[in-house]
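This report refers to the structure that appears directly beneath it.
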Amino acid sequence: MSSAKCGAVQQAARRLPVQGPSPSAAGPAPGIPGVTSCGPAFFTPGEARQLTSAFGLISCFRLTGQDQWILLGSGTSASAPGLAGTPGGAMVAVERCQGGDAACLNPDATRSFGSFMVTRPPDPLGEPLELQAVAGASVLLLSNAQCGLFSFDVSSLRWYRGTSSAVHALLTRPGQQQPMAATPVMTGSQALGARPPTGPPAACPPVPGQ
């Protein structure tokens with residue numbers, strides 16, 4: 001991301017109503033107020049390696065008081081030198097714990113990535129996908145490489161503009177905003193076997209060379 005766009009991201013993030021410090025984009029969320037981290041047994045070791053190989057650096061957390069586990073895949077390889085992309089690209093995955101299911105809400109209970117629903121950012125090949133802030137109880141502010149800043153509504157699994165006015169509208173008038181173009185939502189099992197679409201992303205401004 002250019003220095004000008006990076007500065008715009010930071011300025012916009014400072015104007016948002018933030019629930020608490022953002023989880024790190026380079027691994028499970030740390031023990032910080034407002035966030036419950038996924039435990040070490042959240043996935044089996046084999047599936048955890050598979051997720052890292054497919055989607056890069058993984059953040060895994062639940063906003064305290066909410067019933068949804070959130071996984072962010074940066075799309076950046078955890079092993080290759082430099083900023084190398086991963087086969088599955090960047091993604092956000094959400095698992096909903098129906099009816100306050102205690103086992104589902106337990107950060108130390110092992111589960112399958114197949115129980116998550118996966119959505120890709122407006123530029124699935126743009127990496128890294130990074131969390132900048134959390135607004136309210138269900139809106140994540142994410143930077144999507146050259147594509148810029150977007151807000152993601154965890155409740156609807158839809159992407160929106162990342163301006164402070166757009167985020168405010170999401171929080172005060174949910175369901176009334178026009179979402180951004182993005183690839184269809186799929187299950188975790190489907191996402192592990194699917195490659196992100198190629199070509200210029202429809203929802204992003206033109207990038208030189210595309």
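Every chain in the structure tokens has a letter given in the order shown (A, B, ...), and although residue numbers restart at 1 in each chain, ligands are simply numbered from 1 in the order shown.
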
Considering only C-alpha atoms, return as a short mmCIF file (atom, residue, chain, number, x, y, z; two decimals) with N, CA and C atoms, in the first residue's frame whatever protein or nucleic-acid residues lie within 10 Å of range 43-52 of chain A, sequence-local ones (same chain, fewer than 4 positions apart) excluded.
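The resulting file, around.cif, is shown below:
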data_model
loop_
_atom_site.label_atom_id
_atom_site.label_comp_id
_atom_site.auth_asym_id
_atom_site.auth_seq_id
_atom_site.Cartn_x
_atom_site.Cartn_y
_atom_site.Cartn_z
N GLY A 27 -1.29 -13.75 13.62
CA GLY A 27 -1.48 -14.93 14.45
C GLY A 27 -2.74 -14.80 15.27
N CYS A 38 -8.79 -17.48 20.11
CA CYS A 38 -8.93 -18.91 19.89
C CYS A 38 -7.82 -19.63 20.62
N GLY A 39 -8.14 -20.75 21.24
CA GLY A 39 -7.15 -21.51 21.97
C GLY A 39 -6.26 -22.34 21.06
N GLY A 56 -2.47 -17.97 4.45
CA GLY A 56 -1.41 -17.14 5.01
C GLY A 56 -1.53 -16.94 6.50
N LEU A 57 -1.05 -15.81 6.98
CA LEU A 57 -1.06 -15.49 8.40
C LEU A 57 -2.50 -15.40 8.90
N ILE A 58 -2.81 -16.09 9.98
CA ILE A 58 -4.18 -16.23 10.46
C ILE A 58 -4.37 -15.50 11.79
N GLY A 73 -7.62 -14.37 7.17
CA GLY A 73 -6.45 -14.87 6.45
C GLY A 73 -5.84 -13.72 5.66
N SER A 74 -4.59 -13.38 5.95
CA SER A 74 -3.97 -12.20 5.35
C SER A 74 -3.70 -12.36 3.86
N GLY A 75 -3.63 -13.61 3.38
CA GLY A 75 -3.25 -13.84 1.99
C GLY A 75 -1.76 -13.77 1.76
N THR A 76 -1.00 -13.55 2.82
CA THR A 76 0.46 -13.44 2.73
C THR A 76 1.11 -14.69 3.32
N SER A 77 2.00 -15.29 2.59
CA SER A 77 2.65 -16.52 3.02
C SER A 77 3.37 -16.35 4.35
N ALA A 78 3.22 -17.35 5.21
CA ALA A 78 3.88 -17.33 6.52
C ALA A 78 5.30 -17.90 6.44
N SER A 79 5.67 -18.48 5.28
CA SER A 79 6.98 -19.13 5.19
C SER A 79 7.87 -18.56 4.09
N THR A 86 -0.55 -16.38 -1.16
CA THR A 86 -0.87 -17.79 -0.90
C THR A 86 -1.87 -18.30 -1.95
N GLY A 88 -4.78 -19.67 -1.69
CA GLY A 88 -6.18 -19.35 -1.43
C GLY A 88 -6.48 -17.87 -1.34
N ASP A 108 -11.30 -23.29 23.57
CA ASP A 108 -10.40 -24.44 23.61
C ASP A 108 -11.03 -25.70 23.01
N ALA A 109 -12.26 -25.58 22.51
CA ALA A 109 -12.93 -26.73 21.90
C ALA A 109 -12.52 -26.85 20.43
N THR A 110 -12.08 -28.04 20.03
CA THR A 110 -11.65 -28.27 18.66
C THR A 110 -12.86 -28.37 17.74
N ARG A 111 -12.75 -27.71 16.58
CA ARG A 111 -13.83 -27.77 15.59
C ARG A 111 -13.23 -27.82 14.19
N SER A 112 -14.08 -27.94 13.18
CA SER A 112 -13.63 -28.03 11.80
C SER A 112 -13.82 -26.71 11.08
N PHE A 113 -12.91 -26.38 10.20
CA PHE A 113 -13.06 -25.17 9.38
C PHE A 113 -14.28 -25.28 8.47
N GLY A 188 -16.27 -23.37 4.52
CA GLY A 188 -14.85 -23.53 4.71
C GLY A 188 -14.28 -24.66 3.88
N LEU A 192 -11.28 -24.15 0.95
CA LEU A 192 -9.97 -24.80 0.97
C LEU A 192 -9.63 -25.41 -0.39
#

Enumerate, as an MDAnalysis selection string, the complete set of residues in range 24-180 of chain A that a backbone-based DSSP assignment places in helix (DSSP H, G or I). chainID A and resid 45:55 98:100 102:105 113:115 145:147 164:172

What's around range 176-182 of chain A at 7 Å? Count only C-alpha atoms, leave out sequence neighbours fewer than 2 positions away in its own chain, and write the answer as a PyMOL selection string. chain A and resi 120-122+158-160+170+173-174+184+202-203

Which of range 38-157 of chain A DSSP labels strand (DSSP E), written as a ChimeraX atom specification: /A:58-63,68-73,91-96,117-119,129-135,139-144,149-153

Those same residues, written as a tab-separated table (two decimals), in the first residue's frame with C-alpha atoms?
chain	number	residue	atom	x	y	z
A	58	ILE	CA	-4.18	-16.23	10.46
A	59	SER	CA	-5.93	-14.18	13.14
A	60	CYS	CA	-8.57	-16.06	15.15
A	61	PHE	CA	-10.84	-14.41	17.73
A	62	ARG	CA	-14.34	-13.70	19.00
A	63	LEU	CA	-15.54	-10.28	20.07
A	68	GLN	CA	-19.36	-15.52	16.21
A	69	TRP	CA	-15.80	-16.75	15.80
A	70	ILE	CA	-13.84	-14.78	13.21
A	71	LEU	CA	-10.83	-15.90	11.18
A	72	LEU	CA	-8.83	-13.47	9.08
A	73	GLY	CA	-6.45	-14.87	6.45
A	91	MET	CA	-10.33	-14.26	3.32
A	92	VAL	CA	-12.62	-13.68	6.29
A	93	ALA	CA	-14.38	-16.70	7.81
A	94	VAL	CA	-17.18	-16.67	10.40
A	95	GLU	CA	-18.62	-19.46	12.54
A	96	ARG	CA	-21.90	-18.72	14.35
A	117	MET	CA	-18.68	-19.51	6.14
A	118	VAL	CA	-15.99	-17.84	4.05
A	119	THR	CA	-16.01	-14.61	2.09
A	129	LEU	CA	-5.54	-8.13	4.29
A	130	GLU	CA	-5.13	-6.36	7.65
A	131	LEU	CA	-7.47	-5.49	10.48
A	132	GLN	CA	-7.35	-1.81	11.39
A	133	ALA	CA	-10.18	-1.40	13.91
A	134	VAL	CA	-13.42	-2.86	15.28
A	135	ALA	CA	-16.51	-0.63	15.22
A	139	VAL	CA	-18.13	-4.22	11.95
A	140	LEU	CA	-14.48	-4.80	11.09
A	141	LEU	CA	-12.43	-2.13	9.34
A	142	LEU	CA	-9.96	-3.87	7.02
A	143	SER	CA	-7.31	-2.63	4.61
A	144	ASN	CA	-7.15	-4.65	1.38
A	149	LEU	CA	-10.11	0.48	3.14
A	150	PHE	CA	-13.34	-1.50	3.57
A	151	SER	CA	-15.76	-2.27	6.37
A	152	PHE	CA	-16.98	-5.83	6.80
A	153	ASP	CA	-20.29	-6.61	8.51

At a cut-off of 12 Å, using only C-alpha atoms, what residues contact Asp67 in chain A? Leave out same-chain residues fewer than 6 positions from it and give the result as number ranges by chain. A: 35-36, 61, 94-107, 137-138, 154-155

Quick one: distance from CA of Ser156 in chain A to CA of Phe116 in chain A in Å, one decimal?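 We find that CA of Ser156 in chain A and CA of Phe116 in chain A lie 13.6 Å from each other.
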